[in-house]
$ cat entry-v4.cif   # mmCIF, C-alpha atoms and all ligand atoms
data_start
loop_
_atom_site.label_atom_id
_atom_site.label_comp_id
_atom_site.auth_asym_id
_atom_site.auth_seq_id
_atom_site.Cartn_x
_atom_site.Cartn_y
_atom_site.Cartn_z
CA MET A 1198 9.06 39.58 -14.36
CA SER A 1199 9.50 39.72 -18.12
CA VAL A 1200 9.69 43.07 -19.88
CA LEU A 1201 6.72 41.99 -21.99
CA ARG A 1202 4.59 41.27 -18.95
CA ALA A 1203 5.49 44.61 -17.38
CA SER A 1204 4.61 46.40 -20.65
CA VAL A 1205 1.22 44.69 -20.80
CA LEU A 1206 0.43 45.76 -17.23
CA ARG A 1207 1.33 49.38 -18.12
CA LEU A 1208 -0.66 49.30 -21.39
CA THR A 1209 -3.77 47.91 -19.73
CA ALA A 1210 -3.70 50.71 -17.15
CA HIS A 1211 -4.76 53.07 -19.96
CA PRO A 1212 -8.49 54.07 -19.88
CA VAL A 1213 -8.92 53.39 -23.63
CA PHE A 1214 -7.94 49.81 -23.06
CA ARG A 1215 -10.41 49.53 -20.22
CA SER A 1216 -13.40 50.62 -22.28
CA ALA A 1217 -12.34 48.28 -25.08
CA ALA A 1218 -12.24 45.41 -22.59
CA VAL A 1219 -15.78 46.25 -21.43
CA ARG A 1220 -17.08 46.31 -25.02
CA SER A 1221 -15.34 43.14 -26.10
CA GLY A 1222 -16.58 40.97 -23.23
CA ILE A 1223 -13.14 39.32 -22.99
CA TRP A 1224 -13.37 39.43 -19.19
CA ARG A 1225 -16.02 36.70 -19.24
CA ARG A 1226 -13.33 34.26 -20.20
CA PHE A 1227 -11.76 34.65 -16.75
CA VAL A 1228 -14.65 35.85 -14.55
CA ALA A 1229 -17.82 33.89 -13.71
CA GLY A 1230 -20.03 36.98 -13.93
CA GLU A 1231 -20.89 40.10 -12.01
CA THR A 1232 -23.11 38.49 -9.35
CA LEU A 1233 -22.80 35.94 -6.56
CA ARG A 1234 -25.55 33.95 -8.28
CA GLU A 1235 -23.30 33.54 -11.34
CA GLY A 1236 -20.39 32.61 -9.08
CA MET A 1237 -22.51 29.91 -7.42
CA GLU A 1238 -23.78 28.59 -10.77
CA THR A 1239 -20.17 28.27 -11.94
CA ALA A 1240 -19.30 26.50 -8.68
CA GLN A 1241 -22.13 24.01 -9.27
CA MET A 1242 -20.95 23.41 -12.83
CA LEU A 1243 -17.40 22.75 -11.60
CA ARG A 1244 -18.66 20.41 -8.90
CA ALA A 1245 -20.29 18.32 -11.66
CA SER A 1246 -16.75 17.98 -13.11
CA GLY A 1247 -15.37 16.81 -9.77
CA MET A 1248 -13.80 20.09 -8.68
CA ALA A 1249 -13.98 22.13 -5.50
CA VAL A 1250 -14.11 25.94 -5.66
CA ILE A 1251 -12.83 29.02 -3.93
CA LEU A 1252 -15.05 32.06 -4.44
CA ASP A 1253 -13.47 35.48 -4.87
CA HIS A 1254 -15.68 38.57 -4.79
CA LEU A 1255 -13.57 40.87 -6.96
CA GLY A 1256 -12.31 44.21 -5.68
CA GLU A 1257 -9.19 45.75 -4.17
CA ASN A 1258 -7.74 48.98 -2.78
CA VAL A 1259 -10.96 50.52 -1.52
CA SER A 1260 -10.57 54.09 -0.32
CA ALA A 1261 -13.70 54.54 1.82
CA GLN A 1262 -14.95 52.68 4.86
CA ALA A 1263 -18.38 52.19 3.25
CA GLN A 1264 -16.76 50.31 0.35
CA ALA A 1265 -14.90 48.05 2.77
CA THR A 1266 -18.15 47.36 4.62
CA ALA A 1267 -19.93 46.57 1.35
CA ALA A 1268 -17.16 44.12 0.36
CA THR A 1269 -17.36 42.47 3.78
CA ASP A 1270 -21.13 42.14 3.38
CA ALA A 1271 -20.58 40.53 -0.02
CA TYR A 1272 -18.28 37.93 1.57
CA VAL A 1273 -20.77 37.27 4.34
CA ASP A 1274 -23.37 36.62 1.61
CA ALA A 1275 -20.93 34.29 -0.17
CA ALA A 1276 -20.31 32.34 3.06
CA GLU A 1277 -24.07 32.03 3.62
CA SER A 1278 -24.60 30.81 0.05
CA LEU A 1279 -21.94 28.15 0.52
CA HIS A 1280 -23.61 27.02 3.75
CA ALA A 1281 -26.93 26.80 1.91
CA ASP A 1282 -25.46 24.30 -0.57
CA PRO A 1283 -23.60 21.61 1.40
CA THR A 1284 -23.04 19.57 -1.77
CA LEU A 1285 -20.39 22.11 -2.78
CA ASP A 1286 -16.83 21.92 -1.46
CA GLY A 1287 -16.47 25.70 -1.31
CA ALA A 1288 -13.97 28.10 0.21
CA ILE A 1289 -13.59 31.87 0.14
CA SER A 1290 -10.67 34.08 -0.89
CA VAL A 1291 -10.32 37.70 0.22
CA LYS A 1292 -7.99 40.60 -0.49
CA LEU A 1293 -7.26 42.69 2.59
CA THR A 1294 -7.14 45.96 0.62
CA GLN A 1295 -10.73 45.21 -0.37
CA LEU A 1296 -11.62 45.00 3.32
CA GLY A 1297 -10.00 48.37 4.06
CA LEU A 1298 -6.28 47.69 4.62
CA ASP A 1299 -5.32 50.99 2.95
CA LEU A 1300 -7.48 52.80 5.52
CA SER A 1301 -6.23 50.90 8.57
CA THR A 1302 -5.00 47.47 9.54
CA GLN A 1303 -7.53 47.41 12.33
CA LEU A 1304 -10.44 47.98 9.95
CA ALA A 1305 -9.32 45.15 7.66
CA THR A 1306 -8.83 42.87 10.68
CA GLU A 1307 -12.32 43.60 12.02
CA ASN A 1308 -13.90 43.07 8.62
CA LEU A 1309 -12.11 39.79 8.03
CA SER A 1310 -13.08 38.69 11.52
CA ARG A 1311 -16.73 39.27 10.59
CA VAL A 1312 -16.28 37.12 7.46
CA LEU A 1313 -14.64 34.36 9.53
CA ASP A 1314 -17.44 34.39 12.08
CA THR A 1315 -20.00 33.74 9.35
CA ALA A 1316 -17.79 31.29 7.47
CA GLY A 1317 -17.44 28.96 10.48
CA SER A 1318 -15.94 25.73 9.14
CA THR A 1319 -15.63 27.11 5.59
CA LEU A 1320 -12.01 27.81 4.69
CA VAL A 1321 -11.12 31.49 4.23
CA MET A 1322 -7.87 32.22 2.38
CA ILE A 1323 -6.14 35.61 2.28
CA ASP A 1324 -4.77 36.55 -1.14
CA MET A 1325 -1.33 38.14 -1.16
CA GLU A 1326 -1.11 41.51 -2.89
CA SER A 1327 1.96 43.53 -3.89
CA HIS A 1328 5.07 43.47 -1.70
CA ASP A 1329 4.14 46.61 0.29
CA TYR A 1330 1.27 44.70 1.85
CA VAL A 1331 3.06 41.50 2.87
CA ASP A 1332 3.96 42.46 6.46
CA ARG A 1333 0.51 43.79 7.24
CA THR A 1334 -1.17 40.79 5.58
CA LEU A 1335 0.88 38.32 7.61
CA ASP A 1336 0.18 40.28 10.80
CA VAL A 1337 -3.58 40.12 10.21
CA TYR A 1338 -3.32 36.42 9.35
CA ARG A 1339 -1.39 35.61 12.56
CA LYS A 1340 -3.72 37.61 14.72
CA LEU A 1341 -6.89 35.97 13.40
CA ARG A 1342 -5.44 32.46 13.26
CA VAL A 1343 -5.32 32.40 17.05
CA ASP A 1344 -9.11 31.96 17.14
CA HIS A 1345 -9.78 30.52 13.69
CA ASP A 1346 -8.43 27.20 12.34
CA GLN A 1347 -9.98 27.66 8.93
CA ILE A 1348 -7.83 30.51 7.73
CA GLY A 1349 -4.89 30.42 5.35
CA VAL A 1350 -2.58 32.79 3.54
CA CYS A 1351 -0.78 33.04 0.22
CA ILE A 1352 3.00 33.15 -0.28
CA GLN A 1353 4.56 34.42 -3.53
CA ALA A 1354 7.62 32.61 -4.89
CA CYS A 1355 8.78 35.71 -6.77
CA LEU A 1356 9.59 37.66 -3.58
CA HIS A 1357 13.05 37.32 -2.04
CA ARG A 1358 11.57 37.47 1.46
CA SER A 1359 9.23 34.51 1.03
CA THR A 1360 11.69 31.86 2.23
CA ARG A 1361 11.90 33.60 5.58
CA ASP A 1362 8.14 34.15 5.66
CA ALA A 1363 7.51 30.45 4.97
CA PHE A 1364 9.80 29.49 7.88
CA ASP A 1365 8.04 31.96 10.17
CA LEU A 1366 4.52 30.69 9.46
CA PRO A 1367 3.03 28.60 12.24
CA GLU A 1368 3.54 24.86 11.90
CA GLY A 1369 0.58 23.18 10.19
CA ALA A 1370 -0.52 26.37 8.44
CA ILE A 1371 -2.75 26.34 5.37
CA VAL A 1372 -0.72 28.04 2.63
CA ARG A 1373 -1.38 28.87 -1.00
CA LEU A 1374 1.84 28.85 -2.99
CA VAL A 1375 1.90 31.01 -6.15
CA LYS A 1376 4.50 32.58 -8.43
CA GLY A 1377 3.16 36.13 -7.82
CA ALA A 1378 1.02 38.29 -10.10
CA TYR A 1379 2.19 41.84 -9.35
CA LEU A 1380 4.67 44.14 -11.05
CA GLU A 1381 7.49 44.16 -8.47
CA PRO A 1382 10.85 45.98 -8.46
CA GLN A 1383 13.98 43.87 -8.83
CA SER A 1384 15.12 45.02 -5.40
CA VAL A 1385 12.48 42.75 -3.83
CA ALA A 1386 11.65 40.13 -6.46
CA PHE A 1387 13.27 37.67 -8.84
CA ALA A 1388 13.11 38.85 -12.42
CA ARG A 1389 13.75 35.59 -14.26
CA ARG A 1390 11.16 32.85 -14.68
CA ALA A 1391 13.73 30.16 -13.86
CA GLU A 1392 14.49 31.83 -10.53
CA VAL A 1393 10.81 32.05 -9.63
CA ARG A 1394 10.32 28.40 -10.51
CA ALA A 1395 13.30 27.35 -8.42
CA ALA A 1396 12.01 29.42 -5.50
CA PHE A 1397 8.59 27.79 -5.85
CA GLY A 1398 10.16 24.34 -5.51
CA GLY A 1399 12.22 25.42 -2.49
CA LEU A 1400 9.19 26.94 -0.78
CA PHE A 1401 7.17 23.80 -1.39
CA ALA A 1402 9.85 21.73 0.37
CA THR A 1403 10.04 24.21 3.27
CA LEU A 1404 6.28 24.22 3.75
CA ALA A 1405 6.14 20.42 3.62
CA ALA A 1406 8.84 20.26 6.30
CA ARG A 1407 6.69 22.63 8.39
CA ASP A 1408 3.70 20.28 8.03
CA ALA A 1409 1.65 22.81 6.07
CA THR A 1410 -1.40 22.06 3.97
CA ILE A 1411 -0.12 23.32 0.62
CA HIS A 1412 -2.31 24.73 -2.12
CA VAL A 1413 -0.20 24.37 -5.25
CA ALA A 1414 -1.72 27.29 -7.16
CA THR A 1415 -0.15 27.26 -10.61
CA HIS A 1416 -0.87 26.26 -14.20
CA ASP A 1417 2.77 25.45 -14.79
CA PRO A 1418 2.87 21.73 -15.64
CA ALA A 1419 6.49 21.38 -14.48
CA LEU A 1420 5.64 22.70 -11.01
CA VAL A 1421 2.51 20.58 -10.78
CA GLU A 1422 4.57 17.53 -11.75
CA GLY A 1423 7.25 18.44 -9.21
CA ALA A 1424 4.65 18.64 -6.43
CA ARG A 1425 3.18 15.29 -7.48
CA ARG A 1426 6.58 13.61 -7.44
CA PHE A 1427 7.48 15.05 -4.06
CA GLY A 1428 5.05 12.56 -2.54
CA TYR A 1429 3.68 14.86 0.17
CA ASP A 1430 -0.01 14.20 0.66
CA ARG A 1431 -1.35 17.39 2.27
CA VAL A 1432 -1.59 19.05 -1.10
CA GLU A 1433 -4.40 20.48 -3.16
CA TYR A 1434 -4.00 21.71 -6.77
CA GLN A 1435 -5.56 25.09 -7.51
CA MET A 1436 -6.06 26.89 -10.79
CA LEU A 1437 -7.90 29.94 -11.98
CA TYR A 1438 -11.29 29.82 -13.64
CA GLY A 1439 -10.86 29.74 -17.42
CA VAL A 1440 -7.14 28.91 -17.37
CA ARG A 1441 -5.72 25.49 -18.38
CA THR A 1442 -9.04 23.71 -18.03
CA ASP A 1443 -7.40 20.76 -19.80
CA LEU A 1444 -4.87 20.41 -16.98
CA GLN A 1445 -7.61 20.84 -14.37
CA ARG A 1446 -9.56 17.95 -15.91
CA LYS A 1447 -6.47 15.78 -16.23
CA LEU A 1448 -5.62 16.13 -12.54
CA VAL A 1449 -9.20 15.23 -11.58
CA ALA A 1450 -9.02 12.19 -13.88
CA ASP A 1451 -5.79 11.20 -12.09
CA GLY A 1452 -7.69 11.28 -8.80
CA LEU A 1453 -6.06 14.43 -7.41
CA PRO A 1454 -7.89 17.16 -5.45
CA VAL A 1455 -8.47 20.23 -7.63
CA ARG A 1456 -9.97 23.54 -6.52
CA VAL A 1457 -10.80 26.28 -9.01
CA TYR A 1458 -10.55 29.95 -8.04
CA VAL A 1459 -13.84 31.48 -9.19
CA PRO A 1460 -13.85 35.30 -9.33
CA TYR A 1461 -17.10 37.20 -9.70
CA GLY A 1462 -18.30 40.79 -9.24
CA GLY A 1463 -18.29 44.13 -11.01
CA GLU A 1464 -14.70 45.11 -10.15
CA TRP A 1465 -13.11 42.68 -12.58
CA TYR A 1466 -10.76 45.01 -14.47
CA PRO A 1467 -7.54 44.82 -12.35
CA TYR A 1468 -7.95 41.05 -12.19
CA LEU A 1469 -8.34 40.88 -15.97
CA THR A 1470 -5.18 42.91 -16.59
CA ARG A 1471 -3.11 40.50 -14.48
CA ARG A 1472 -4.49 37.54 -16.45
CA LEU A 1473 -3.73 39.23 -19.79
CA ALA A 1474 -0.21 40.06 -18.65
CA GLU A 1475 0.42 36.42 -17.77
CA ARG A 1476 -0.34 35.35 -21.31
CA PRO A 1477 0.34 38.11 -23.84
CA ALA A 1478 -0.91 35.79 -26.63
CA THR A 1479 -4.43 36.34 -25.25
CA LEU A 1480 -3.88 40.09 -25.35
CA TRP A 1481 -2.77 40.04 -29.01
CA PHE A 1482 -5.81 37.94 -29.91
CA PHE A 1483 -8.03 40.52 -28.18
CA LEU A 1484 -6.34 43.50 -29.89
CA ARG A 1485 -6.55 41.86 -33.32
CA ASN A 1486 -10.28 41.29 -32.91
CA LEU A 1487 -10.80 44.87 -31.80
CA ALA A 1488 -8.95 46.16 -34.87
CA ARG A 1489 -11.10 44.11 -37.29
CA PRO A 1490 -13.85 46.00 -39.12
CA ARG A 1491 -17.29 45.13 -37.76
P1 LIG A 1501 2.82 30.73 -15.83
O1 LIG A 1501 2.35 32.12 -15.88
O2 LIG A 1501 4.20 30.40 -16.23
O3 LIG A 1501 1.82 29.86 -16.69
C1 LIG A 1501 2.00 28.48 -16.98
C2 LIG A 1501 1.09 28.12 -18.15
O4 LIG A 1501 -0.27 28.30 -17.74
C3 LIG A 1501 1.25 29.06 -19.35
O5 LIG A 1501 2.25 28.61 -20.21
C4 LIG A 1501 -0.12 29.00 -19.96
O6 LIG A 1501 -0.27 27.81 -20.69
C5 LIG A 1501 -1.03 28.91 -18.77
N1 LIG A 1501 -1.50 30.23 -18.30
C6 LIG A 1501 -1.07 30.90 -17.20
N2 LIG A 1501 -1.74 32.05 -17.05
C7 LIG A 1501 -2.61 32.10 -18.08
C8 LIG A 1501 -3.60 33.04 -18.48
N3 LIG A 1501 -3.82 34.15 -17.78
N4 LIG A 1501 -4.31 32.78 -19.60
C9 LIG A 1501 -4.11 31.65 -20.30
N5 LIG A 1501 -3.17 30.71 -19.96
C10 LIG A 1501 -2.45 30.94 -18.88
N6 LIG A 1501 -0.99 35.76 -7.29
C11 LIG A 1501 -0.73 36.62 -6.30
O7 LIG A 1501 0.18 37.44 -6.42
N7 LIG A 1501 -1.49 36.59 -5.15
C12 LIG A 1501 -2.49 35.69 -4.97
O8 LIG A 1501 -3.15 35.69 -3.92
C13 LIG A 1501 -2.76 34.76 -6.01
N8 LIG A 1501 -3.73 33.83 -5.90
C14 LIG A 1501 -3.86 32.85 -6.85
C15 LIG A 1501 -4.75 31.80 -6.67
C16 LIG A 1501 -4.79 30.75 -7.58
C17 LIG A 1501 -5.73 29.61 -7.34
C18 LIG A 1501 -3.93 30.76 -8.71
C19 LIG A 1501 -3.92 29.63 -9.68
C20 LIG A 1501 -3.08 31.83 -8.91
C21 LIG A 1501 -3.04 32.89 -8.02
N9 LIG A 1501 -2.19 33.96 -8.22
C22 LIG A 1501 -1.97 34.84 -7.18
C23 LIG A 1501 -1.58 34.20 -9.54
C24 LIG A 1501 -0.18 33.63 -9.65
O9 LIG A 1501 0.71 34.37 -8.85
C25 LIG A 1501 0.31 33.68 -11.10
O10 LIG A 1501 0.37 35.03 -11.51
C26 LIG A 1501 -0.55 32.91 -12.09
O11 LIG A 1501 -0.98 31.69 -11.55
C27 LIG A 1501 0.25 32.61 -13.37
O12 LIG A 1501 1.40 31.87 -13.07
P2 LIG A 1501 1.54 30.27 -13.28
O13 LIG A 1501 2.13 29.73 -12.03
O14 LIG A 1501 0.25 29.69 -13.65
O15 LIG A 1501 2.65 30.11 -14.37
#
$ encode --input "entry-v4.cif" --output "structure tokens" --more "lines below"
Ligand code: FDA
Amino acid sequence: MSVLRASVLRLTAHPVFRSAAVRSGIWRRFVAGETLREGMETAQMLRASGMAVILDHLGENVSAQAQATAATDAYVDAAESLHADPTLDGAISVKLTQLGLDLSTQLATENLSRVLDTAGSTLVMIDMESHDYVDRTLDVYRKLRVDHDQIGVCIQACLHRSTRDAFDLPEGAIVRLVKGAYLEPQSVAFARRAEVRAAFGGLFATLAARDATIHVATHDPALVEGARRFGYDRVEYQMLYGVRTDLQRKLVADGLPVRVYVPYGGEWYPYLTRRLAERPATLWFFLRNLARPR
């Protein structure tokens, strides 16, 4: 991870920055809104542009069981809303720490199981959080996959361990491949962009050899092009709401399957900081506007 990106993540942890972000409304660039209704409206708008969606009810690292239950309820509502609109190609994405992983693995497993029971044939993907959570996340995934086909998990190219993890996933798994959004120590993660890119390509090849359905989740045109040229057909291209919409549209125009990750909900701040850290130019634009006299 670049020094700049790490600095942005530290800066945005400051409470002053948080209240400025609330006032400025910058979060709306990356988040559909605070309610499921706004998430669904965004999904319908994207469908009109030929794109599928994956809904993410924002939140992470809950510290009380009641919060984990509330997040699970929110996902059950999302699954029901997707069922109510069969014209949408919709999936769901969850973070296990939002479902109570910091309290216990069993709690998160039970909560995700409840989401899966409602979701039925709707795909449920598990986001991957920082490296401390990877073992527990993969354990929960493996356990629930026994009874649920429509579950998938994310693998981060930045982590040294991911090659082994990709080999260990069950054959035919549904896997989201990303670079990785968290501030990780160099003892566990590649620091240089070129290394992360190379690892992404290697993981793609490994997953293809293991017959996976691969969600190529990146806005990096070189990686998208690499996946296209590889000629493997169980691939879907995924990008975040509000990021590289030009590339999203181009892939649709080329006839490729594109799914947009649509976050919604009141707990948008940690998500926003990761997006700002990925593109410091956006952060400078935001700070300049804040500094201008009103
Ligand atoms: P990179 O950051 O190099 O960006 C490539 C280009 O895309 C940039 O040059 C710029 O043009 C544009 N761009 C990228 N980010 C931008 C931004 N925020 N604002 C404006 N332009 C931007 N991570 C994780 O750790 N766990 C997870 O579960 C997920 N899940 C996930 C789902 C989906 C659908 C996506 C697309 C991404 C994730 N991620 C994630 C995030 C991922 O790990 C990574 O941090 C971001 O995708 C940014 O990396 P890129 O691969 O896009 O490349």
$ residues_near_ligand --input "entry-v4.cif" --ligand "ligand LIG 1501 (chain A)" --cutoff "6 Å" --atoms "all atoms listed in the file" --output "list in words"
Asp1324, Met1325, Glu1326, Cys1351, Val1375, Lys1376, Gly1377, Ala1378, Tyr1379, Ala1414, Thr1415, His1416, Asp1417, Gln1435, Met1436, Leu1437, Val1440, Arg1441, Tyr1458, Arg1472, Leu1473, Glu1475 and Arg1476 of chain A
$ closest_residue --input "entry-v4.cif" --among "A:Thr1479, A:Asn1258, A:Thr1306, A:Ser1204" --to "Pro1467 in chain A" --atoms "all atoms listed in the file"
A:Asn1258
$ residues_near_point --input "entry-v4.cif" --point "(-4.0, 20.6, -0.2)" --cutoff "7 Å" --atoms "only C-alpha atoms" --output "list in words"
Thr1410, Ile1411, His1412, Arg1431, Val1432, Glu1433 and Tyr1434 of chain A
$ closest_residue --input "entry-v4.cif" --among "A:Thr1442, A:Ser1327, A:Ser1301, A:Thr1334" --to "Val1350 in chain A" --atoms "only C-alpha atoms"
A:Thr1334
$ closest_residue --input "entry-v4.cif" --among "A:Ile1323, A:Leu1356, A:Ala1288, A:Leu1300" --to "Val1259 in chain A" --atoms "only C-alpha atoms"
A:Leu1300
$ atom_distance --input "entry-v4.cif" --atom1 "CA of Tyr1468 in chain A" --atom2 "CA of Gln1262 in chain A"
21.8 Å
$ residues_around --input "entry-v4.cif" --residues "Asp1362 in chain A" --least-positions-apart "6" --cutoff "12 Å" --atoms "only C-alpha atoms" --output "JSON, numbers by chain"
{"A": [1331, 1332, 1334, 1335, 1336, 1339, 1350, 1351, 1352, 1353, 1354, 1356, 1370, 1372, 1374, 1400, 1403, 1404, 1407]}
